[in-house]
Amino acid sequence: MKEDKRFVSIYKHGAVDVIEVLVDKETGVNYIYRTNGYAGGMTVLLDKNGKPIVTHIESK
């Protein structure tokens, strides 16, 4: 069975202290995900005006 992932990684930096930008394929909203060891967190990525950054996702 094919797994259709909702989030796609568009940027990743680091090995132990990782920062990653994920895009929700259904809404286009960008999220920043940060991990350090066993701790981590995720939040909406905002522009300078406090609005969510949205990436256009091409449908197949």
# chains A, B, ... in the order shown; residues from 1 in each chain; ligands from 1
call {"tool": "residues_around", "arguments": {"residues": "segment 53-59 of chain A", "least_positions_apart": "5", "cutoff": "10 Å", "atoms": "only C-alpha atoms", "output": "PyMOL selection string"}}
result
chain A and resi 23-31+44-48
call {"tool": "closest_atom_pairs", "arguments": {"of": "segment 29-54 of chain A", "to": "segment 5-19 of chain A", "cutoff": "8 Å", "atoms": "only C-alpha atoms", "output": "CSV"}}
result
residue,atom,partner,partner_atom,distance
A:Ile32,CA,A:Ile19,CA,7.1
A:Tyr33,CA,A:Ile19,CA,5.8
A:Arg34,CA,A:Ile19,CA,4.6
A:Thr35,CA,A:Val18,CA,5.2
A:Asn36,CA,A:Asp17,CA,4.5
A:Gly37,CA,A:Val16,CA,6.0
call {"tool": "write_last_selection", "arguments": {"atoms": "N, CA and C atoms", "output": "compact mmCIF listing (two decimals), in the first residue's frame"}}
result
# COMPACT_ATOMS: atom_id res chain seq x y z
N ILE A 32 8.14 25.22 10.84
CA ILE A 32 9.53 25.01 11.20
C ILE A 32 9.55 23.99 12.32
N TYR A 33 10.42 22.99 12.16
CA TYR A 33 10.54 21.91 13.12
C TYR A 33 11.98 21.89 13.61
N ARG A 34 12.16 21.87 14.91
CA ARG A 34 13.51 21.89 15.48
C ARG A 34 13.65 20.76 16.46
N THR A 35 14.75 20.02 16.36
CA THR A 35 15.05 18.97 17.31
C THR A 35 16.47 19.16 17.82
N ASN A 36 16.66 18.75 19.07
CA ASN A 36 17.98 18.76 19.67
C ASN A 36 18.01 17.59 20.64
N GLY A 37 18.71 16.53 20.24
CA GLY A 37 18.71 15.32 21.05
C GLY A 37 17.33 14.69 21.06
call {"tool": "select_by_dssp", "arguments": {"residues": "chain A", "states": "strand (DSSP E or B)", "output": "number ranges by chain"}}
result
A: 7-13, 17-24, 29-36, 39-44, 46, 52, 54
